[in-house]
Each structure stands twice: as C-alpha cells, then as structure tokens.
>>> print(open('model-v9.txt').read())   # compact mmCIF, C-alpha atoms
# COMPACT_ATOMS: atom_id res chain seq x y z
CA MET M 13 -0.90 9.37 -18.14
CA ILE M 14 -1.54 5.78 -17.21
CA PHE M 15 0.44 2.92 -18.70
CA ILE M 16 -0.92 -0.61 -18.29
CA GLU M 17 1.42 -3.55 -18.79
CA ASN M 18 0.82 -7.27 -18.45
CA ILE M 19 3.27 -8.93 -16.10
CA THR M 20 3.85 -12.23 -14.33
CA ILE M 21 5.32 -12.73 -10.88
CA GLU M 22 7.09 -15.99 -11.55
CA CYS M 23 8.22 -16.55 -7.96
CA LEU M 24 4.56 -16.66 -6.93
CA THR M 25 2.25 -17.63 -9.78
CA ASN M 26 4.42 -18.59 -12.75
CA ASP M 27 2.28 -18.04 -15.86
CA GLN M 28 -0.57 -16.05 -14.32
CA THR M 29 -0.76 -12.70 -16.07
CA ARG M 30 -1.89 -9.61 -14.22
CA ARG M 31 -1.92 -5.89 -14.87
CA LEU M 32 0.68 -3.39 -13.72
CA TYR M 33 -0.63 0.18 -13.63
CA ILE M 34 1.87 3.06 -13.82
CA TYR M 35 0.66 6.63 -13.44
CA VAL M 36 3.02 9.40 -14.60
CA PRO M 37 2.13 13.11 -14.26
CA GLU M 38 1.09 14.76 -17.51
CA GLU M 39 3.72 17.46 -16.96
CA ALA M 40 6.44 14.87 -17.54
CA ASN M 41 5.79 15.25 -21.29
CA ASP M 42 6.78 18.92 -21.16
CA HIS M 43 9.57 18.53 -18.61
CA PRO M 44 11.67 15.49 -19.56
CA ASP M 45 14.39 16.60 -17.15
CA ARG M 46 12.17 16.19 -14.07
CA ASN M 47 12.06 13.16 -11.82
CA TYR M 48 9.32 12.20 -9.39
CA PRO M 49 8.73 10.36 -6.11
CA VAL M 50 7.08 6.96 -6.42
CA VAL M 51 4.24 5.43 -4.44
CA TYR M 52 3.97 1.65 -4.71
CA MET M 53 0.40 0.54 -4.07
CA PHE M 54 -1.50 -2.70 -3.68
CA ASP M 55 -4.69 -3.79 -5.49
CA GLY M 56 -3.85 -1.77 -8.59
CA HIS M 57 -7.07 -2.81 -10.33
CA ASN M 58 -9.11 -0.91 -7.71
CA LEU M 59 -7.31 2.42 -8.00
CA PHE M 60 -7.99 4.05 -11.36
CA PHE M 61 -10.91 2.63 -13.33
CA ASP M 62 -14.37 1.63 -12.09
CA GLU M 63 -14.63 -0.97 -14.84
CA HIS M 64 -11.51 -2.74 -13.51
CA ALA M 65 -12.46 -2.54 -9.81
CA THR M 66 -13.61 -5.67 -8.01
CA TYR M 67 -16.85 -4.11 -6.80
CA GLY M 68 -17.36 -1.63 -9.63
CA LYS M 69 -16.02 1.41 -7.76
CA SER M 70 -12.40 2.56 -7.88
CA TRP M 71 -10.52 5.14 -5.80
CA GLY M 72 -10.71 7.60 -8.70
CA LEU M 73 -6.99 8.07 -8.22
CA LYS M 74 -6.16 9.38 -11.70
CA THR M 75 -8.77 12.13 -11.44
CA PHE M 76 -7.51 13.14 -8.01
CA LEU M 77 -3.87 13.26 -9.11
CA ASP M 78 -4.64 15.15 -12.33
CA VAL M 79 -6.98 17.71 -10.77
CA ASN M 80 -4.57 18.45 -7.93
CA ASN M 81 -1.41 18.34 -10.05
CA ILE M 82 0.26 15.83 -7.74
CA PRO M 83 3.87 15.37 -8.94
CA MET M 84 4.19 11.67 -8.19
CA ILE M 85 4.44 8.39 -10.02
CA ILE M 86 2.19 5.52 -8.92
CA ALA M 87 3.14 1.89 -9.53
CA ALA M 88 0.40 -0.57 -8.62
CA VAL M 89 0.05 -4.26 -9.40
CA GLU M 90 -3.27 -6.06 -9.72
CA CYS M 91 -3.83 -8.64 -7.00
CA ASN M 92 -4.02 -12.39 -7.50
CA HIS M 93 -7.75 -13.10 -7.95
CA GLU M 94 -7.51 -16.91 -7.88
CA GLY M 95 -8.94 -18.49 -4.74
CA ASN M 96 -7.03 -17.29 -1.68
CA GLY M 97 -4.26 -15.88 -3.88
CA ARG M 98 -4.71 -12.30 -2.69
CA LEU M 99 -4.64 -13.33 0.98
CA ASN M 100 -1.61 -15.56 0.43
CA GLU M 101 0.34 -12.72 -1.23
CA TYR M 102 -0.84 -9.96 1.09
CA SER M 103 -0.19 -11.79 4.36
CA PRO M 104 3.27 -11.32 5.90
CA TYR M 105 3.01 -14.65 7.74
CA PRO M 106 1.12 -17.96 7.66
CA ALA M 107 -2.23 -17.85 9.44
CA ARG M 108 -5.64 -19.44 9.71
CA CYS M 109 -8.84 -17.51 9.18
CA SER M 110 -12.43 -18.05 8.05
CA TYR M 111 -11.14 -18.44 4.49
CA GLY M 112 -8.92 -21.36 5.48
CA ARG M 113 -5.16 -21.77 5.81
CA ILE M 114 -3.25 -18.74 4.48
CA LYS M 115 0.30 -19.41 3.31
CA GLY M 116 1.87 -16.04 4.07
CA TYR M 117 3.80 -15.13 0.92
CA GLY M 118 4.11 -11.45 1.87
CA GLY M 119 7.89 -11.66 2.22
CA ILE M 120 8.25 -13.31 -1.20
CA TYR M 121 6.01 -10.64 -2.71
CA MET M 122 8.01 -7.80 -1.17
CA ASP M 123 11.33 -9.36 -2.20
CA TRP M 124 9.99 -9.39 -5.77
CA LEU M 125 8.75 -5.80 -5.48
CA VAL M 126 12.04 -4.31 -4.23
CA ASN M 127 14.39 -6.51 -6.27
CA GLU M 128 12.51 -6.75 -9.58
CA LEU M 129 9.60 -4.31 -9.84
CA LYS M 130 11.34 -1.28 -8.32
CA PRO M 131 14.46 -1.55 -10.54
CA TYR M 132 12.18 -1.91 -13.56
CA ILE M 133 10.17 1.20 -12.65
CA ASP M 134 13.34 3.19 -11.89
CA SER M 135 14.91 2.26 -15.22
CA HIS M 136 11.86 2.93 -17.41
CA PHE M 137 10.24 5.96 -15.78
CA PRO M 138 11.51 9.34 -14.45
CA THR M 139 11.73 8.42 -10.77
CA LEU M 140 13.58 9.67 -7.75
CA PRO M 141 14.77 6.22 -6.63
CA ASP M 142 16.16 6.98 -3.15
CA ARG M 143 14.21 5.87 -0.06
CA SER M 144 13.28 9.41 0.93
CA HIS M 145 11.20 9.63 -2.26
CA THR M 146 9.85 6.06 -2.24
CA PHE M 147 6.57 5.34 -0.44
CA ILE M 148 4.07 2.51 -0.08
CA SER M 149 0.33 2.39 0.45
CA GLY M 150 -2.67 0.09 0.50
CA SER M 151 -5.99 -0.67 2.12
CA SER M 152 -7.32 -3.62 4.10
CA MET M 153 -4.82 -6.48 3.54
CA GLY M 154 -2.87 -4.03 1.38
CA GLY M 155 -2.77 -1.75 4.42
CA LEU M 156 -1.36 -4.60 6.50
CA MET M 157 1.25 -5.22 3.81
CA SER M 158 2.15 -1.53 3.82
CA ILE M 159 2.91 -1.75 7.54
CA PHE M 160 4.95 -4.90 6.93
CA ALA M 161 6.84 -3.33 4.02
CA ALA M 162 7.78 -0.15 5.89
CA VAL M 163 8.90 -2.18 8.92
CA GLN M 164 10.84 -4.96 7.21
CA TYR M 165 11.93 -3.07 4.10
CA SER M 166 12.50 0.36 5.60
CA ASP M 167 15.77 0.68 3.69
CA TYR M 168 13.55 1.13 0.61
CA PHE M 169 10.43 2.92 1.90
CA SER M 170 10.38 6.06 4.02
CA LYS M 171 6.60 6.45 4.39
CA ALA M 172 3.63 4.09 4.55
CA ALA M 173 -0.03 5.05 4.26
CA CYS M 174 -2.12 2.22 5.68
CA LEU M 175 -5.87 2.64 5.18
CA SER M 176 -8.13 0.36 7.22
CA PRO M 177 -5.22 -2.09 7.63
CA SER M 178 -6.19 -5.64 8.55
CA VAL M 179 -4.14 -5.62 11.75
CA TRP M 180 -6.44 -8.28 13.22
CA PHE M 181 -4.84 -10.77 10.80
CA GLY M 182 -2.08 -12.52 12.76
CA TYR M 183 -2.23 -9.67 15.28
CA LYS M 184 0.32 -11.05 17.76
CA LYS M 185 2.76 -11.92 14.97
CA LEU M 186 2.45 -8.36 13.67
CA LEU M 187 3.34 -6.85 17.05
CA GLU M 188 6.24 -9.28 17.48
CA MET M 189 7.54 -8.38 14.02
CA ILE M 190 7.48 -4.66 14.82
CA HIS M 191 9.08 -5.25 18.21
CA SER M 192 11.97 -7.30 16.79
CA SER M 193 12.67 -5.18 13.69
CA ASP M 194 15.32 -2.53 13.15
CA ILE M 195 13.25 0.18 11.48
CA HIS M 196 15.08 3.00 9.75
CA PRO M 197 14.69 5.98 12.11
CA GLU M 198 13.51 8.27 9.30
CA THR M 199 10.37 6.26 8.63
CA SER M 200 6.82 7.42 9.27
CA PHE M 201 3.32 5.95 9.11
CA TYR M 202 -0.19 7.13 8.41
CA MET M 203 -2.99 4.82 9.58
CA ASP M 204 -6.75 5.24 9.65
CA ILE M 205 -9.96 3.34 10.20
CA GLY M 206 -13.61 4.24 9.66
CA SER M 207 -16.06 4.75 12.50
CA GLU M 208 -18.54 2.44 10.75
CA GLU M 209 -15.85 -0.28 10.70
CA LEU M 210 -15.39 0.13 14.43
CA LYS M 211 -19.10 -0.36 15.04
CA LYS M 212 -18.79 -3.79 13.45
CA LYS M 213 -15.48 -4.67 15.13
CA PRO M 214 -15.00 -2.46 18.21
CA ILE M 215 -11.87 -4.39 19.20
CA MET M 216 -10.10 -2.97 16.15
CA ILE M 217 -9.49 0.34 17.91
CA TYR M 218 -7.38 -1.49 20.50
CA ARG M 219 -5.53 -3.44 17.80
CA MET M 220 -4.74 -0.22 15.92
CA LEU M 221 -3.62 1.57 19.07
CA ASP M 222 -1.37 -1.36 19.98
CA VAL M 223 0.32 -1.17 16.57
CA GLU M 224 0.74 2.59 16.98
CA LYS M 225 2.17 2.09 20.48
CA GLU M 226 4.67 -0.53 19.30
CA LEU M 227 5.90 1.75 16.52
CA LYS M 228 6.19 4.72 18.85
CA LYS M 229 8.29 2.66 21.26
CA LYS M 230 10.87 2.77 18.48
CA GLU M 231 10.37 6.55 18.14
CA ILE M 232 8.70 6.07 14.76
CA PRO M 233 6.12 8.82 14.11
CA VAL M 234 2.57 7.65 13.43
CA ARG M 235 -0.45 9.70 12.41
CA PHE M 236 -3.64 7.82 13.33
CA ARG M 237 -7.13 8.98 12.33
CA ILE M 238 -10.63 7.67 12.92
CA ILE M 239 -12.71 8.61 9.87
CA GLU M 240 -16.19 9.78 10.76
CA ASP M 241 -18.74 7.63 8.87
CA GLY M 242 -15.82 5.84 7.21
CA THR M 243 -16.44 2.36 5.81
CA HIS M 244 -14.32 -0.50 4.49
CA THR M 245 -14.85 0.49 0.86
CA GLU M 246 -13.07 2.06 -2.09
CA ALA M 247 -15.46 5.03 -1.94
CA SER M 248 -14.41 5.75 1.64
CA TRP M 249 -10.71 5.34 0.90
CA GLU M 250 -11.07 7.70 -2.05
CA GLN M 251 -12.18 10.40 0.39
CA GLN M 252 -8.89 10.06 2.29
CA LEU M 253 -6.67 10.76 -0.75
CA PRO M 254 -6.08 14.44 0.12
CA VAL M 255 -4.78 13.48 3.57
CA VAL M 256 -2.72 10.56 2.26
CA PHE M 257 -0.95 12.59 -0.42
CA SER M 258 -0.42 15.53 1.92
CA PHE M 259 1.33 13.03 4.20
CA PHE M 260 3.54 11.86 1.31
CA MET M 261 4.37 15.33 0.03
CA ASN M 262 5.15 17.08 3.32
CA PRO M 263 7.90 16.47 5.89
>>> encode(input="model-v9.txt", output="structure tokens")
Amino acid sequence: MIFIENITIECLTNDQTRRLYIYVPEEANDHPDRNYPVVYMFDGHNLFFDEHATYGKSWGLKTFLDVNNIPMIIAAVECNHEGNGRLNEYSPYPARCSYGRIKGYGGIYMDWLVNELKPYIDSHFPTLPDRSHTFISGSSMGGLMSIFAAVQYSDYFSKAACLSPSVWFGYKKLLEMIHSSDIHPETSFYMDIGSEELKKKPIMIYRMLDVEKELKKKEIPVRFRIIEDGTHTEASWEQQLPVVFSFFMNP
C-alpha cells in the first residue's frame, strides 16, 4: 500500500507543496497488531512510480517490496525541484560548485525530519519507533545526506544505505564532520559506487575509501561495494535493492 500526502516544509520553503510517499506492507491490513521498521528515504518521487520520476525511470521500489514481502515501512519526501532547491536541502554544509553557491540547509532539513516528520509517521502508521528499527537511505546527494544523517543524528538512525553518495561535495568538510562527531557505537553503513561512475571520476574511489577509513577509525562498521557496470541512475540503484534491504533486515 502506498499513501501519498501533500506536505509543506515551512522551515525551508513555506508554501511550496510536495509529495510525501508512505509505503506500508499489505500484510498490515490482516495483522493490525504488528509494527514495522521504517526506512526514511530521499527523492521520494524517484522511488515508486516511473511517471513521477525525474527522468522517467523509478527504482521500482513498491514492486520489489511486494514481491519479496519485505516487512518495512518507507517514508520518502519529494525533493525541492525549484532551482538549486534540491542541492540546498541535500547539502549538509554551504559550498560552491558548478551550479553556483549552495546554501547548505541539510541540518535544517534533518531537524525537520526527526522532530516533525518522524513523530508524524510514528503516530499515524504502525512503526517500531526506536533507533534500532529506524534507518535512512538515498542516492547521489541523498546518499551524502544519508551519511550526514547517520553521523550527526545517530541517536535516531542505526543504519544508513548510501548509494553513489556525492562525497566529492564539500569533501574535506565531510571528513572533518565525521572526525569530530560522536557517532552512536551501534551504527553501521552501506556504501556503493558503480564502476562506470569511476571511469568518469576515478578520484571518487579515493574519496569513498577516505570516508570509509574515517568511519572505521571510530569502529563504525562499513560495507563498501563497487558495482560492476553500475551507473549513476535509478535503474542501477534499483538493482542494488536486494543488497540494501538485506543490510537493513540483518544484524
């Protein structure tokens, strides 16, 4: 079952309406006493429906979850499509890039997510609200935000799946943030990147390994994969869903 609600994030965009997608397992209808882990995800418009996806191809997440009977709730907000809105919201810190000056509202976004969105989801849907059953995931800039969230908000999230994370974006600030943070010891990360991405930006392998190294200095477990023939696309990230959800479901 997918519920779609129109929401505003007033601390960021005031009256701009965007879609909130909530996936609940079909079995919840027959088992009203059951509660489920929750995965918070970025770029909700790209996850479920091709007709909503930016480039016409989604992750096919509903089909994957239904076919495999994955007992999890997904809560995913559509990004801000106006100008640099997505980059502003999905950057943990101010930065400059080819798109111009990025304001770095990632902290404001995550404050909203844990203080407003999460309580709403927990009060309206059959969740397991504790951190051990609360996860976060995203790709590209959403992957970067997933790293940021599990580092800075590790009291809320126990696992982060970061697909093709944009660790090049403010790279030194990212490493400094990890170095200076007190990460909950029972936190773990999954990260990956496609081999085709590395052909275009070979330096990314060193950036990814540096992030992994910094996390492991704090004795935080990281699973890092290079995806053969993997690209920076929804179709490629869809192929990683079995690994991602195995990571979420297993110790």
>>> atom_distance(input="model-v9.txt", atom1="CA of Met203 in chain M", atom2="CA of Gly242 in chain M")
13.1 Å
>>> atom_distance(input="model-v9.txt", atom1="CA of Ile34 in chain M", atom2="CA of Trp71 in chain M")
14.9 Å
>>> closest_residue(input="model-v9.txt", among="M:Ala173, M:Ala161, M:Ile14, M:Ile190", to="Leu77 in chain M", atoms="all atoms listed in the file")
M:Ile14
>>> closest_residue(input="model-v9.txt", among="M:Trp124, M:Tyr35, M:Tyr218, M:Tyr132", to="Val51 in chain M", atoms="only C-alpha atoms")
M:Tyr35
>>> axis_aligned_box(input="model-v9.txt", around="range 35-47 of chain M", padding_each_side="3 Å", output="AutoDock Vina command-line options")
--center_x 7.5 --center_y 12.8 --center_z -16.6 --size_x 19.7 --size_y 18.3 --size_z 15.5
>>> atom_distance(input="model-v9.txt", atom1="CA of Ser200 in chain M", atom2="CA of Ser170 in chain M")
6.5 Å
>>> closest_residue(input="model-v9.txt", among="M:Pro177, M:Pro49, M:Gly72, M:Gly182", to="Phe236 in chain M", atoms="all atoms listed in the file")
M:Pro177
>>> closest_residue(input="model-v9.txt", among="M:Leu129, M:Val79, M:Ala40, M:Leu187", to="Ile19 in chain M", atoms="all atoms listed in the file")
M:Leu129
>>> residues_near_point(input="model-v9.txt", point="(7.0, 0.5, 8.7)", cutoff="12 Å", atoms="all atoms listed in the file", output="MDAnalysis selection string")
chainID M and resid 147:149 155:174 186:187 189:191 193:203 223:224 226:228 230:234
>>> closest_residue(input="model-v9.txt", among="M:Gly116, M:Pro83, M:Pro138, M:Gly97", to="Pro37 in chain M", atoms="only C-alpha atoms")
M:Pro83
>>> build_atoms(input="model-v9.txt", residues="range 24-37 of chain M", atoms="N, CA, C and O atoms", output="tab-separated table (two decimals), in the coordinates of the input")
chain	number	residue	atom	x	y	z
M	24	LEU	N	5.81	-16.41	-7.64
M	24	LEU	CA	4.56	-16.66	-6.93
M	24	LEU	C	3.55	-17.44	-7.76
M	24	LEU	O	2.94	-18.39	-7.27
M	25	THR	N	3.34	-17.03	-9.01
M	25	THR	CA	2.25	-17.63	-9.78
M	25	THR	C	2.65	-18.08	-11.18
M	25	THR	O	1.79	-18.37	-12.00
M	26	ASN	N	3.93	-18.11	-11.46
M	26	ASN	CA	4.42	-18.59	-12.75
M	26	ASN	C	3.75	-17.90	-13.93
M	26	ASN	O	4.04	-16.76	-14.22
M	27	ASP	N	2.80	-18.56	-14.60
M	27	ASP	CA	2.28	-18.04	-15.86
M	27	ASP	C	1.03	-17.19	-15.70
M	27	ASP	O	0.42	-16.80	-16.69
M	28	GLN	N	0.62	-16.90	-14.48
M	28	GLN	CA	-0.57	-16.05	-14.32
M	28	GLN	C	-0.23	-14.61	-14.68
M	28	GLN	O	0.67	-14.02	-14.12
M	29	THR	N	-0.98	-14.08	-15.63
M	29	THR	CA	-0.76	-12.70	-16.07
M	29	THR	C	-1.66	-11.76	-15.29
M	29	THR	O	-2.83	-12.06	-15.05
M	30	ARG	N	-1.09	-10.65	-14.88
M	30	ARG	CA	-1.89	-9.61	-14.22
M	30	ARG	C	-1.43	-8.25	-14.70
M	30	ARG	O	-0.38	-8.11	-15.32
M	31	ARG	N	-2.21	-7.24	-14.37
M	31	ARG	CA	-1.92	-5.89	-14.87
M	31	ARG	C	-1.07	-5.09	-13.89
M	31	ARG	O	-1.31	-5.11	-12.68
M	32	LEU	N	-0.11	-4.38	-14.45
M	32	LEU	CA	0.68	-3.39	-13.72
M	32	LEU	C	0.26	-2.02	-14.22
M	32	LEU	O	0.34	-1.73	-15.41
M	33	TYR	N	-0.20	-1.17	-13.30
M	33	TYR	CA	-0.63	0.18	-13.63
M	33	TYR	C	0.47	1.16	-13.21
M	33	TYR	O	0.93	1.12	-12.06
M	34	ILE	N	0.88	2.02	-14.13
M	34	ILE	CA	1.87	3.06	-13.82
M	34	ILE	C	1.28	4.41	-14.19
M	34	ILE	O	0.95	4.65	-15.36
M	35	TYR	N	1.13	5.26	-13.20
M	35	TYR	CA	0.66	6.63	-13.44
M	35	TYR	C	1.87	7.56	-13.45
M	35	TYR	O	2.70	7.51	-12.53
M	36	VAL	N	1.96	8.39	-14.48
M	36	VAL	CA	3.02	9.40	-14.60
M	36	VAL	C	2.35	10.75	-14.80
M	36	VAL	O	1.42	10.87	-15.61
M	37	PRO	N	2.76	11.79	-14.08
M	37	PRO	CA	2.13	13.11	-14.26
M	37	PRO	C	2.21	13.60	-15.70
M	37	PRO	O	3.21	13.38	-16.39
